[in-house]
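model.pdb, holding PDB, C-alpha atoms:
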MODEL        1
ATOM      1  CA  MET A 278     -51.273 -43.240  39.106
ATOM      2  CA  TYR A 279     -48.788 -45.091  36.936
ATOM      3  CA  GLY A 280     -49.436 -42.568  34.166
ATOM      4  CA  SER A 281     -48.201 -39.747  36.390
ATOM      5  CA  LEU A 282     -44.566 -40.900  36.161
ATOM      6  CA  ASP A 283     -44.900 -40.875  32.362
ATOM      7  CA  ILE A 284     -46.210 -37.314  32.529
ATOM      8  CA  SER A 285     -43.335 -36.125  34.729
ATOM      9  CA  VAL A 286     -40.794 -37.852  32.476
ATOM     10  CA  SER A 287     -42.223 -36.054  29.442
ATOM     11  CA  GLY A 288     -41.702 -32.775  31.328
ATOM     12  CA  LEU A 289     -38.099 -33.735  32.127
ATOM     13  CA  ILE A 290     -37.369 -34.597  28.482
ATOM     14  CA  ALA A 291     -38.935 -31.352  27.241
ATOM     15  CA  GLN A 292     -36.954 -29.193  29.675
ATOM     16  CA  ARG A 293     -33.712 -31.029  28.899
ATOM     17  CA  THR A 294     -34.268 -30.477  25.177
ATOM     18  CA  ARG A 295     -34.844 -26.803  25.902
ATOM     19  CA  MET A 296     -31.584 -26.700  27.856
ATOM     20  CA  GLN A 297     -29.690 -28.316  24.944
ATOM     21  CA  VAL A 298     -31.064 -25.695  22.554
ATOM     22  CA  ILE A 299     -30.040 -22.901  24.931
ATOM     23  CA  ALA A 300     -26.542 -24.410  25.230
ATOM     24  CA  ALA A 301     -26.282 -24.549  21.422
ATOM     25  CA  ASN A 302     -27.350 -20.897  21.189
ATOM     26  CA  ILE A 303     -24.737 -19.781  23.701
ATOM     27  CA  ALA A 304     -22.006 -21.945  22.147
ATOM     28  CA  ASN A 305     -22.666 -20.467  18.692
ATOM     29  CA  ILE A 306     -22.896 -16.862  19.787
ATOM     30  CA  ASN A 307     -19.973 -15.889  17.508
ATOM     31  CA  THR A 308     -20.436 -18.496  14.772
ATOM     32  CA  LEU A 309     -20.303 -16.945  11.316
ATOM     33  CA  GLU A 310     -19.512 -19.947   9.109
ATOM     34  CA  ASP A 311     -21.190 -23.292   8.571
ATOM     35  CA  ALA A 312     -19.365 -26.640   8.703
ATOM     36  CA  GLN A 313     -18.187 -26.279   5.091
ATOM     37  CA  GLY A 314     -16.570 -22.927   5.825
ATOM     38  CA  ASN A 315     -19.164 -20.855   3.950
ATOM     39  CA  TYR A 316     -20.466 -17.596   5.369
ATOM     40  CA  SER A 317     -23.714 -18.473   7.125
ATOM     41  CA  PRO A 318     -24.234 -16.827  10.539
ATOM     42  CA  TYR A 319     -25.810 -19.118  13.139
ATOM     43  CA  LEU A 320     -29.528 -18.526  13.568
ATOM     44  CA  ARG A 321     -30.958 -18.644  17.062
ATOM     45  CA  ARG A 322     -33.106 -21.716  17.882
ATOM     46  CA  SER A 323     -36.055 -21.798  20.250
ATOM     47  CA  VAL A 324     -38.207 -24.724  21.425
ATOM     48  CA  MET A 325     -41.983 -24.790  21.118
ATOM     49  CA  PHE A 326     -43.865 -26.812  23.733
ATOM     50  CA  ALA A 327     -47.327 -28.310  23.322
ATOM     51  CA  PRO A 328     -49.442 -30.490  25.662
ATOM     52  CA  GLY A 329     -49.638 -34.255  25.022
ATOM     53  CA  ASP A 330     -46.776 -36.731  24.664
ATOM     54  CA  PRO A 331     -47.011 -39.261  21.787
ATOM     55  CA  ALA A 332     -43.857 -41.065  23.006
ATOM     56  CA  ALA A 333     -45.299 -42.021  26.414
ATOM     57  CA  LYS A 334     -45.642 -45.707  27.313
ATOM     58  CA  SER A 335     -49.155 -45.601  28.828
ATOM     59  CA  PRO A 336     -52.351 -44.310  27.163
ATOM     60  CA  GLN A 337     -52.883 -41.876  30.071
ATOM     61  CA  GLY A 338     -49.358 -40.574  29.527
ATOM     62  CA  ARG A 339     -50.035 -40.014  25.817
ATOM     63  CA  GLU A 340     -53.065 -37.815  26.344
ATOM     64  CA  MET A 341     -51.336 -35.788  29.060
ATOM     65  CA  GLY A 342     -47.776 -34.580  29.549
ATOM     66  CA  VAL A 343     -45.791 -32.237  27.334
ATOM     67  CA  GLN A 344     -43.820 -32.529  24.106
ATOM     68  CA  VAL A 345     -41.406 -30.411  22.101
ATOM     69  CA  GLU A 346     -43.581 -29.622  19.108
ATOM     70  CA  GLN A 347     -40.749 -28.111  17.072
ATOM     71  CA  ILE A 348     -37.358 -26.478  17.395
ATOM     72  CA  LYS A 349     -37.867 -23.234  15.573
ATOM     73  CA  ILE A 350     -35.012 -21.609  13.658
ATOM     74  CA  GLU A 351     -35.499 -17.862  13.872
ATOM     75  CA  SER A 352     -34.591 -16.715  10.358
ATOM     76  CA  GLU A 353     -34.576 -13.020  11.351
ATOM     77  CA  ALA A 354     -32.255 -13.414  14.348
ATOM     78  CA  LEU A 355     -29.277 -11.505  12.893
ATOM     79  CA  THR A 356     -27.866  -8.149  13.858
ATOM     80  CA  ARG A 357     -25.433  -5.725  12.182
ATOM     81  CA  ARG A 358     -22.139  -5.182  13.955
ATOM     82  CA  LEU A 359     -19.489  -2.683  12.891
ATOM     83  CA  MET A 360     -16.266  -4.621  12.258
ATOM     84  CA  PRO A 361     -14.278  -2.806   9.554
ATOM     85  CA  GLY A 362     -11.682  -4.988   7.876
ATOM     86  CA  HIS A 363     -13.478  -8.221   8.739
ATOM     87  CA  PRO A 364     -13.439 -10.702   5.824
ATOM     88  CA  TYR A 365     -17.254 -10.768   5.764
ATOM     89  CA  ALA A 366     -17.774  -7.023   6.240
ATOM     90  CA  ASP A 367     -19.926  -5.207   3.674
ATOM     91  CA  LYS A 368     -18.859  -1.930   2.037
ATOM     92  CA  ASP A 369     -19.793   0.090   5.157
ATOM     93  CA  GLY A 370     -17.808  -2.229   7.400
ATOM     94  CA  TYR A 371     -20.767  -4.069   8.926
ATOM     95  CA  VAL A 372     -21.012  -7.825   9.439
ATOM     96  CA  MET A 373     -24.273  -9.707  10.039
ATOM     97  CA  VAL A 374     -23.729 -11.667  13.277
ATOM     98  CA  PRO A 375     -26.052 -13.924  15.305
ATOM     99  CA  ASP A 376     -28.497 -11.911  17.411
ATOM    100  CA  ILE A 377     -28.115 -13.915  20.609
ATOM    101  CA  ASN A 378     -28.352 -12.170  23.960
ATOM    102  CA  PRO A 379     -26.437 -14.145  26.618
ATOM    103  CA  VAL A 380     -28.541 -12.604  29.394
ATOM    104  CA  VAL A 381     -31.780 -13.829  27.812
ATOM    105  CA  GLU A 382     -30.265 -17.277  27.256
ATOM    106  CA  GLN A 383     -29.088 -17.445  30.883
ATOM    107  CA  LEU A 384     -32.549 -16.519  32.109
ATOM    108  CA  ASN A 385     -34.152 -19.180  29.932
ATOM    109  CA  ALA A 386     -31.597 -21.706  31.181
ATOM    110  CA  MET A 387     -32.440 -20.857  34.764
ATOM    111  CA  GLU A 388     -36.165 -21.226  34.084
ATOM    112  CA  ALA A 389     -35.590 -24.570  32.347
ATOM    113  CA  SER A 390     -33.537 -25.890  35.248
ATOM    114  CA  ARG A 391     -36.166 -24.799  37.809
ATOM    115  CA  ALA A 392     -38.919 -26.414  35.727
ATOM    116  CA  TYR A 393     -36.790 -29.588  35.530
ATOM    117  CA  GLU A 394     -36.557 -29.587  39.342
ATOM    118  CA  ALA A 395     -40.330 -29.133  39.622
ATOM    119  CA  ASN A 396     -40.830 -32.196  37.421
ATOM    120  CA  ILE A 397     -38.381 -34.153  39.572
ATOM    121  CA  ALA A 398     -40.432 -33.178  42.641
ATOM    122  CA  ALA A 399     -43.612 -34.401  40.937
ATOM    123  CA  ALA A 400     -41.937 -37.699  40.017
ATOM    124  CA  GLU A 401     -40.679 -38.121  43.600
ATOM    125  CA  ALA A 402     -44.212 -37.559  44.909
ATOM    126  CA  ALA A 403     -45.632 -40.132  42.485
ATOM    127  CA  LYS A 404     -42.922 -42.611  43.517
ATOM    128  CA  ALA A 405     -43.678 -42.035  47.215
ATOM    129  CA  MET A 406     -47.374 -42.659  46.573
ATOM    130  CA  MET A 407     -46.652 -45.849  44.643
ATOM    131  CA  SER A 408     -44.383 -47.224  47.371
ATOM    132  CA  GLN A 409     -47.057 -46.380  49.966
ATOM    133  CA  ALA A 410     -49.649 -48.252  47.932
ATOM    134  CA  LEU A 411     -47.313 -51.226  47.504
ATOM    135  CA  ARG A 412     -46.870 -51.363  51.293
ATOM    136  CA  LEU A 413     -50.481 -52.526  51.445
ATOM    137  CA  LEU A 414     -49.349 -55.825  49.954
ATOM    138  CA  ALA A 415     -46.674 -56.386  52.592
TER     139      ALA A 415
ATOM    140  CA  MET B  31     -70.438 -58.184  61.201
ATOM    141  CA  SER B  32     -71.202 -60.591  58.403
ATOM    142  CA  ILE B  33     -68.533 -61.670  55.933
ATOM    143  CA  VAL B  34     -70.527 -59.935  53.166
ATOM    144  CA  GLY B  35     -69.829 -56.497  54.614
ATOM    145  CA  VAL B  36     -66.158 -57.226  55.219
ATOM    146  CA  THR B  37     -64.876 -54.867  52.522
ATOM    147  CA  GLU B  38     -67.010 -52.015  53.837
ATOM    148  CA  TRP B  39     -66.130 -52.426  57.476
ATOM    149  CA  GLY B  40     -64.470 -49.443  59.221
ATOM    150  CA  GLY B  41     -65.002 -47.133  56.242
ATOM    151  CA  MET B  42     -62.725 -49.121  53.952
ATOM    152  CA  GLY B  43     -64.894 -48.236  50.944
ATOM    153  CA  ALA B  44     -64.532 -44.525  51.670
ATOM    154  CA  LEU B  45     -60.776 -44.934  52.154
ATOM    155  CA  GLU B  46     -60.513 -46.799  48.857
ATOM    156  CA  ALA B  47     -62.388 -43.985  47.077
ATOM    157  CA  THR B  48     -60.043 -41.405  48.635
ATOM    158  CA  ILE B  49     -56.963 -43.380  47.568
ATOM    159  CA  ARG B  50     -58.252 -43.706  44.006
ATOM    160  CA  PHE B  51     -59.158 -40.033  43.820
ATOM    161  CA  ALA B  52     -55.766 -38.861  45.124
ATOM    162  CA  GLY B  53     -54.005 -41.230  42.716
ATOM    163  CA  GLN B  54     -55.950 -39.863  39.744
ATOM    164  CA  ARG B  55     -55.485 -36.255  40.837
ATOM    165  CA  GLN B  56     -51.722 -36.761  41.040
ATOM    166  CA  ARG B  57     -51.767 -37.234  37.261
ATOM    167  CA  LEU B  58     -53.435 -33.858  36.793
ATOM    168  CA  ILE B  59     -50.868 -32.186  39.055
ATOM    169  CA  ALA B  60     -47.984 -33.868  37.183
ATOM    170  CA  HIS B  61     -49.558 -32.720  33.902
ATOM    171  CA  ASN B  62     -49.714 -29.135  35.156
ATOM    172  CA  ILE B  63     -46.086 -29.230  36.298
ATOM    173  CA  ALA B  64     -44.935 -30.777  33.001
ATOM    174  CA  ASN B  65     -46.673 -27.958  31.097
ATOM    175  CA  ILE B  66     -45.308 -25.185  33.270
ATOM    176  CA  SER B  67     -43.747 -23.395  30.292
ATOM    177  CA  THR B  68     -46.163 -24.415  27.518
ATOM    178  CA  PRO B  69     -47.722 -21.355  25.845
ATOM    179  CA  ASN B  70     -51.532 -21.097  25.944
ATOM    180  CA  PHE B  71     -51.766 -23.892  28.516
ATOM    181  CA  ILE B  72     -54.511 -23.551  31.122
ATOM    182  CA  GLN B  73     -53.954 -25.466  34.369
ATOM    183  CA  LEU B  74     -56.322 -28.404  34.989
ATOM    184  CA  ASP B  75     -57.719 -29.341  38.377
ATOM    185  CA  VAL B  76     -60.716 -30.938  40.045
ATOM    186  CA  SER B  77     -62.314 -29.540  43.178
ATOM    187  CA  THR B  78     -61.300 -31.515  46.277
ATOM    188  CA  SER B  79     -64.081 -29.993  48.374
ATOM    189  CA  ALA B  80     -66.687 -31.083  45.795
ATOM    190  CA  PHE B  81     -65.272 -34.631  45.943
ATOM    191  CA  GLN B  82     -65.409 -34.622  49.745
ATOM    192  CA  LYS B  83     -69.040 -33.491  49.607
ATOM    193  CA  GLN B  84     -69.790 -36.253  47.084
ATOM    194  CA  LEU B  85     -68.047 -38.814  49.310
ATOM    195  CA  GLY B  86     -69.788 -37.477  52.433
ATOM    196  CA  GLU B  87     -73.200 -37.890  50.802
ATOM    197  CA  ALA B  88     -72.328 -41.465  49.778
ATOM    198  CA  ILE B  89     -71.248 -42.258  53.354
ATOM    199  CA  ASP B  90     -74.514 -40.775  54.706
ATOM    200  CA  ARG B  91     -76.547 -42.935  52.311
ATOM    201  CA  HIS B  92     -74.490 -45.966  53.323
ATOM    202  CA  ARG B  93     -75.211 -45.250  57.020
ATOM    203  CA  ASP B  94     -78.914 -44.745  56.370
ATOM    204  CA  ASN B  95     -78.840 -48.171  54.780
ATOM    205  CA  ALA B  96     -77.453 -49.592  58.075
ATOM    206  CA  GLY B  97     -74.023 -50.057  56.491
ATOM    207  CA  GLN B  98     -75.239 -52.709  54.089
ATOM    208  CA  GLY B  99     -73.922 -53.103  50.553
ATOM    209  CA  PRO B 100     -71.093 -51.259  48.828
ATOM    210  CA  LEU B 101     -70.515 -47.507  49.019
ATOM    211  CA  ASP B 102     -72.679 -45.931  46.329
ATOM    212  CA  LEU B 103     -70.777 -42.919  44.973
ATOM    213  CA  GLN B 104     -72.951 -40.833  42.643
ATOM    214  CA  PRO B 105     -71.304 -39.190  39.617
ATOM    215  CA  SER B 106     -70.674 -35.449  39.855
ATOM    216  CA  ASP B 107     -69.655 -32.928  37.187
ATOM    217  CA  GLU B 108     -65.972 -33.607  37.698
ATOM    218  CA  VAL B 109     -65.680 -37.053  39.302
ATOM    219  CA  ARG B 110     -67.477 -39.909  37.544
ATOM    220  CA  PRO B 111     -67.120 -43.380  39.064
ATOM    221  CA  GLN B 112     -66.505 -46.122  36.491
ATOM    222  CA  PRO B 113     -67.844 -49.710  36.656
ATOM    223  CA  ASN B 114     -64.338 -51.013  37.497
ATOM    224  CA  GLY B 115     -64.199 -48.771  40.574
ATOM    225  CA  SER B 116     -61.841 -46.143  39.151
ATOM    226  CA  PHE B 117     -62.806 -42.532  38.518
ATOM    227  CA  HIS B 118     -63.083 -40.600  35.299
ATOM    228  CA  LEU B 119     -61.964 -37.066  36.139
ATOM    229  CA  VAL B 120     -63.322 -34.148  34.113
ATOM    230  CA  PRO B 121     -61.140 -31.251  35.299
ATOM    231  CA  ASN B 122     -63.222 -28.106  35.288
ATOM    232  CA  THR B 123     -62.077 -26.101  38.286
ATOM    233  CA  PRO B 124     -60.317 -22.843  37.320
ATOM    234  CA  SER B 125     -57.088 -22.146  39.211
ATOM    235  CA  GLY B 126     -58.089 -18.488  39.459
ATOM    236  CA  ASN B 127     -54.620 -17.303  38.545
ATOM    237  CA  ILE B 128     -53.988 -14.669  35.870
ATOM    238  CA  ALA B 129     -52.448 -15.605  32.522
ATOM    239  CA  PHE B 130     -48.819 -14.648  31.955
ATOM    240  CA  GLN B 131     -47.388 -13.087  28.808
ATOM    241  CA  ASP B 132     -47.390 -16.523  27.111
ATOM    242  CA  ARG B 133     -51.084 -17.121  28.016
ATOM    243  CA  ASN B 134     -50.155 -19.742  30.606
ATOM    244  CA  ASN B 135     -51.684 -19.307  34.056
ATOM    245  CA  ARG B 136     -49.029 -21.300  35.937
ATOM    246  CA  ASP B 137     -48.655 -20.939  39.685
ATOM    247  CA  LEU B 138     -45.750 -23.098  40.826
ATOM    248  CA  GLU B 139     -46.183 -22.468  44.560
ATOM    249  CA  ARG B 140     -49.862 -23.474  44.523
ATOM    250  CA  LEU B 141     -49.014 -26.516  42.396
ATOM    251  CA  MET B 142     -46.406 -27.646  44.917
ATOM    252  CA  GLN B 143     -48.853 -27.039  47.769
ATOM    253  CA  ASP B 144     -51.553 -29.048  45.969
ATOM    254  CA  GLN B 145     -49.064 -31.826  45.387
ATOM    255  CA  SER B 146     -47.922 -31.994  49.030
ATOM    256  CA  GLU B 147     -51.517 -32.008  50.236
ATOM    257  CA  ASN B 148     -52.440 -34.684  47.730
ATOM    258  CA  VAL B 149     -49.549 -36.930  48.776
ATOM    259  CA  LEU B 150     -50.472 -36.381  52.427
ATOM    260  CA  VAL B 151     -54.116 -37.325  51.826
ATOM    261  CA  PHE B 152     -53.017 -40.419  49.887
ATOM    262  CA  ARG B 153     -50.575 -41.423  52.597
ATOM    263  CA  THR B 154     -53.071 -40.933  55.420
ATOM    264  CA  ALA B 155     -55.737 -42.942  53.611
ATOM    265  CA  ILE B 156     -53.223 -45.728  52.878
ATOM    266  CA  ASP B 157     -52.102 -45.837  56.527
ATOM    267  CA  LEU B 158     -55.707 -45.976  57.772
ATOM    268  CA  PHE B 159     -56.520 -48.643  55.198
ATOM    269  CA  LYS B 160     -53.518 -50.671  56.303
ATOM    270  CA  SER B 161     -54.413 -50.417  59.980
ATOM    271  CA  ARG B 162     -57.992 -51.586  59.183
ATOM    272  CA  SER B 163     -56.752 -54.516  57.141
ATOM    273  CA  ASP B 164     -54.194 -55.469  59.836
ATOM    274  CA  MET B 165     -56.978 -55.374  62.412
ATOM    275  CA  MET B 166     -59.161 -57.535  60.205
ATOM    276  CA  ARG B 167     -56.308 -59.968  59.629
ATOM    277  CA  SER B 168     -55.694 -60.406  63.346
ATOM    278  CA  ALA B 169     -59.450 -60.832  63.933
ATOM    279  CA  LEU B 170     -59.556 -63.566  61.295
ATOM    280  CA  ALA B 171     -56.466 -65.226  62.758
ATOM    281  CA  GLN B 172     -58.262 -65.577  66.108
ATOM    282  CA  ARG B 173     -60.980 -67.649  64.479
ATOM    283  CA  ILE B 174     -58.681 -70.254  63.003
TER     284      ILE B 174
ENDMDL
END
Let me see the file written as structure tokens.
Amino acid sequence: MYGSLDISVSGLIAQRTRMQVIAANIANINTLEDAQGNYSPYLRRSVMFAPGDPAAKSPQGREMGVQVEQIKIESEALTRRLMPGHPYADKDGYVMVPDINPVVEQLNAMEASRAYEANIAAAEAAKAMMSQALRLLA
Amino acid sequence: MSIVGVTEWGGMGALEATIRFAGQRQRLIAHNIANISTPNFIQLDVSTSAFQKQLGEAIDRHRDNAGQGPLDLQPSDEVRPQPNGSFHLVPNTPSGNIAFQDRNNRDLERLMQDQSENVLVFRTAIDLFKSRSDMMRSALAQRI
């Protein structure tokens, strides 16, 4: 039963990481330059989940749970927008801008936050069971 | 009642098996909830009715044996008792739900229901176990 808290914590960490990636996507929705000021439109990131958590403390937690396998940078996530006169516009007046849809990001954020709550509920249940079992000693 | 059968008195062996099973199953449920948005993940579960049948048969054998000796739980496909008294669970019961677009057959409502039922079973078994051990403690106190 002690492994089950590890498993729920791995779910919490994975969903929080997903939320951070979504926040970064939304924050960089209009980013066209990198930190050095060169033209480099922000590419949308997405998290990839996989079962198993190598960072867990217990052996049961390592074989179960969830982990962020990678944060994928979507190299094709750019779209053409007509902005004549823009410093980065091509000869037809188009600029390549990040292809980030705020509606999709909001939906993903909502799903991540609900999944986070579900993991909290699982952790609460495990805690309740542990405290019940410890009552046997009293 | 002899002192030898003290740990089996009042179905304490069966209660212990139920507590262990519910504790182990909680890990499976937590695993399913943690992987609620993992692509290609298939939910894992063990059949509770199969475990109850397994436990029922062990209790019947124990009764036939006039309540002597420990509860002898035979291994099944999914629940395999270990020498240290814990269970090795081999989850093999399909959830029966369809796979979503990411090939994950999650079903949050059923998961939450399973979890509540599991906690309830655990809690009930713990409470019964505690009442048996309190009874036994007061019985022993009378003798001293």
Please return the centre and edge lengths, in Å to one decimal, of a box with edges along x, y and z that contains all listed atoms of segment 138-144 of chain B, widened by 8 Å on every side, as AutoDock Vina command-line options.
--center_x -48.7 --center_y -25.8 --center_z 44.3 --size_x 21.8 --size_y 22.6 --size_z 22.9
Q: Compute the chain A side of the contact with chain B at 8 Å, counting only C-alpha atoms, and hand it back as a list in words.
A: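 Interface list for chain A against chain B: Met278, Gly280, Ser281, Leu282, Ile284, Ser285, Ser287, Gly288, Leu289, Met325, Phe326, Ala327, Pro328, Met341, Gly342, Val343, Ala392, Ala395, Asn396, Ala399, Ala400, Ala402, Ala403, Ala405, Met406, Gln409, Ala410 and Leu413 of chain A.
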Q) How many Å separate atom CA of Ile348 of chain A from atom CA of Asp137 of chain B? A)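 Computing the Euclidean distance for atom CA of Ile348 of chain A and atom CA of Asp137 of chain B yields 25.6 Å.
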(Q) What would the selection look like, as a PyMOL selection string, if the PyMOL selection byres ((chain A and resi 385-390) around 12) were run on the coordinates I just shared? (A) (chain A and resi 288-303+323-324+378-384+391-397) or (chain B and resi 64-68+138)
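Proximity to Leu85 of chain B was assessed for B:Ser116, B:Gln73, B:Thr123, B:Gln104 counting all atoms listed in the file; the smallest distance is recorded for B:Gln104.
Here the PyMOL selection byres ((chain A and resi 375) around 10) captures the residues Asn302, Asn305, Ile306, Asn307, Thr308, Leu309, Ser317, Pro318, Tyr319, Leu320, Arg321, Glu353, Ala354, Leu355, Thr356, Arg357, Arg358, Val372, Met373, Val374, Asp376, Ile377 and Asn378 of chain A.
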Q) Excluding same-chain residues fewer than 4 positions from Gly86 of chain B, what lies within 12 Å of it counting only C-alpha atoms, as a PyMOL selection string? A) chain B and resi 41+43-45+47-48+79-82+90-93+101-104
Q) In Å, with one decimal, what is the gap from atom CA of Pro111 of chain B to atom CA of Gln98 of chain B? A)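 Result for atom CA of Pro111 of chain B versus atom CA of Gln98 of chain B: 19.5 Å, one decimal.
If you measure from each of A:Leu414, A:Asp367, A:Pro361, A:Val345 to Ala332 of chain A using all atoms listed in the file, the closest one turns out to be A:Val345.
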**Q.** Coordinates-based distance that separates atom CA of Ile72 of chain B from atom CA of Asn135 of chain B (Å, one decimal)
**A.** 5.9 Å
For the structure provided, state which residues fall under the PyMOL selection byres ((chain B and resi 118) around 10), and present them as an mmCIF file with C-alpha atoms, keeping the file's coordinate frame.
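Saved as selection.cif:
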data_model
loop_
_atom_site.group_PDB
_atom_site.id
_atom_site.type_symbol
_atom_site.label_atom_id
_atom_site.label_comp_id
_atom_site.auth_asym_id
_atom_site.auth_seq_id
_atom_site.Cartn_x
_atom_site.Cartn_y
_atom_site.Cartn_z
ATOM 1 C CA PHE B 51 -59.158 -40.033 43.820
ATOM 2 C CA GLN B 54 -55.950 -39.863 39.744
ATOM 3 C CA PRO B 105 -71.304 -39.190 39.617
ATOM 4 C CA GLU B 108 -65.972 -33.607 37.698
ATOM 5 C CA VAL B 109 -65.680 -37.053 39.302
ATOM 6 C CA ARG B 110 -67.477 -39.909 37.544
ATOM 7 C CA PRO B 111 -67.120 -43.380 39.064
ATOM 8 C CA GLN B 112 -66.505 -46.122 36.491
ATOM 9 C CA GLY B 115 -64.199 -48.771 40.574
ATOM 10 C CA SER B 116 -61.841 -46.143 39.151
ATOM 11 C CA PHE B 117 -62.806 -42.532 38.518
ATOM 12 C CA LEU B 119 -61.964 -37.066 36.139
ATOM 13 C CA VAL B 120 -63.322 -34.148 34.113
ATOM 14 C CA PRO B 121 -61.140 -31.251 35.299
#
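Counting all atoms listed in the file and comparing B:Arg136, B:Met42, B:Asn122, B:Ala96, the residue that lies closest to Met166 of chain B is B:Met42.
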Q | Residue neighbourhood Ala333 of chain A, 8 Å, all atoms listed in the file, exclusion window fewer than 3 positions, as a list of chain:residue names | A | A:Asp283, A:Ile284, A:Ser287, A:Asp330, A:Pro336, A:Gly338, A:Arg339
Please rebuild segment 154-169 of chain B with N, CA, C and O atoms and return the result as a PDB file, in the coordinates of the input.
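After the write, result11.pdb holds the following:
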ATOM      1  N   THR B 154     -52.201 -40.735  54.250  1.00  0.00           N
ATOM      2  CA  THR B 154     -53.071 -40.933  55.420  1.00  0.00           C
ATOM      3  C   THR B 154     -54.100 -42.021  55.142  1.00  0.00           C
ATOM      4  O   THR B 154     -54.322 -42.917  55.976  1.00  0.00           O
ATOM      5  N   ALA B 155     -54.716 -41.945  53.952  1.00  0.00           N
ATOM      6  CA  ALA B 155     -55.737 -42.942  53.611  1.00  0.00           C
ATOM      7  C   ALA B 155     -55.117 -44.331  53.538  1.00  0.00           C
ATOM      8  O   ALA B 155     -55.707 -45.312  54.016  1.00  0.00           O
ATOM      9  N   ILE B 156     -53.902 -44.427  52.961  1.00  0.00           N
ATOM     10  CA  ILE B 156     -53.223 -45.728  52.878  1.00  0.00           C
ATOM     11  C   ILE B 156     -52.929 -46.269  54.276  1.00  0.00           C
ATOM     12  O   ILE B 156     -53.155 -47.450  54.577  1.00  0.00           O
ATOM     13  N   ASP B 157     -52.433 -45.397  55.167  1.00  0.00           N
ATOM     14  CA  ASP B 157     -52.102 -45.837  56.527  1.00  0.00           C
ATOM     15  C   ASP B 157     -53.353 -46.321  57.267  1.00  0.00           C
ATOM     16  O   ASP B 157     -53.316 -47.360  57.937  1.00  0.00           O
ATOM     17  N   LEU B 158     -54.453 -45.562  57.116  1.00  0.00           N
ATOM     18  CA  LEU B 158     -55.707 -45.976  57.772  1.00  0.00           C
ATOM     19  C   LEU B 158     -56.189 -47.304  57.202  1.00  0.00           C
ATOM     20  O   LEU B 158     -56.608 -48.200  57.932  1.00  0.00           O
ATOM     21  N   PHE B 159     -56.092 -47.409  55.863  1.00  0.00           N
ATOM     22  CA  PHE B 159     -56.520 -48.643  55.198  1.00  0.00           C
ATOM     23  C   PHE B 159     -55.708 -49.827  55.709  1.00  0.00           C
ATOM     24  O   PHE B 159     -56.234 -50.898  55.996  1.00  0.00           O
ATOM     25  N   LYS B 160     -54.397 -49.598  55.847  1.00  0.00           N
ATOM     26  CA  LYS B 160     -53.518 -50.671  56.303  1.00  0.00           C
ATOM     27  C   LYS B 160     -53.839 -51.067  57.738  1.00  0.00           C
ATOM     28  O   LYS B 160     -53.867 -52.264  58.068  1.00  0.00           O
ATOM     29  N   SER B 161     -54.115 -50.070  58.590  1.00  0.00           N
ATOM     30  CA  SER B 161     -54.413 -50.417  59.980  1.00  0.00           C
ATOM     31  C   SER B 161     -55.729 -51.209  60.059  1.00  0.00           C
ATOM     32  O   SER B 161     -55.834 -52.170  60.822  1.00  0.00           O
ATOM     33  N   ARG B 162     -56.731 -50.822  59.210  1.00  0.00           N
ATOM     34  CA  ARG B 162     -57.992 -51.586  59.183  1.00  0.00           C
ATOM     35  C   ARG B 162     -57.744 -53.030  58.721  1.00  0.00           C
ATOM     36  O   ARG B 162     -58.269 -53.972  59.303  1.00  0.00           O
ATOM     37  N   SER B 163     -56.925 -53.156  57.666  1.00  0.00           N
ATOM     38  CA  SER B 163     -56.752 -54.516  57.141  1.00  0.00           C
ATOM     39  C   SER B 163     -55.918 -55.364  58.105  1.00  0.00           C
ATOM     40  O   SER B 163     -56.156 -56.570  58.230  1.00  0.00           O
ATOM     41  N   ASP B 164     -54.963 -54.724  58.825  1.00  0.00           N
ATOM     42  CA  ASP B 164     -54.194 -55.469  59.836  1.00  0.00           C
ATOM     43  C   ASP B 164     -55.106 -55.952  60.962  1.00  0.00           C
ATOM     44  O   ASP B 164     -54.997 -57.094  61.428  1.00  0.00           O
ATOM     45  N   MET B 165     -56.026 -55.025  61.347  1.00  0.00           N
ATOM     46  CA  MET B 165     -56.978 -55.374  62.412  1.00  0.00           C
ATOM     47  C   MET B 165     -57.846 -56.562  61.979  1.00  0.00           C
ATOM     48  O   MET B 165     -58.064 -57.502  62.751  1.00  0.00           O
ATOM     49  N   MET B 166     -58.297 -56.477  60.719  1.00  0.00           N
ATOM     50  CA  MET B 166     -59.161 -57.535  60.205  1.00  0.00           C
ATOM     51  C   MET B 166     -58.408 -58.863  60.125  1.00  0.00           C
ATOM     52  O   MET B 166     -58.944 -59.926  60.458  1.00  0.00           O
ATOM     53  N   ARG B 167     -57.120 -58.748  59.731  1.00  0.00           N
ATOM     54  CA  ARG B 167     -56.308 -59.968  59.629  1.00  0.00           C
ATOM     55  C   ARG B 167     -56.140 -60.622  60.984  1.00  0.00           C
ATOM     56  O   ARG B 167     -56.259 -61.838  61.130  1.00  0.00           O
ATOM     57  N   SER B 168     -55.886 -59.788  62.015  1.00  0.00           N
ATOM     58  CA  SER B 168     -55.694 -60.406  63.346  1.00  0.00           C
ATOM     59  C   SER B 168     -57.016 -60.968  63.862  1.00  0.00           C
ATOM     60  O   SER B 168     -57.029 -62.000  64.534  1.00  0.00           O
ATOM     61  N   ALA B 169     -58.146 -60.302  63.524  1.00  0.00           N
ATOM     62  CA  ALA B 169     -59.450 -60.832  63.933  1.00  0.00           C
ATOM     63  C   ALA B 169     -59.711 -62.193  63.286  1.00  0.00           C
ATOM     64  O   ALA B 169     -60.192 -63.125  63.930  1.00  0.00           O
TER      65      ALA B 169
END
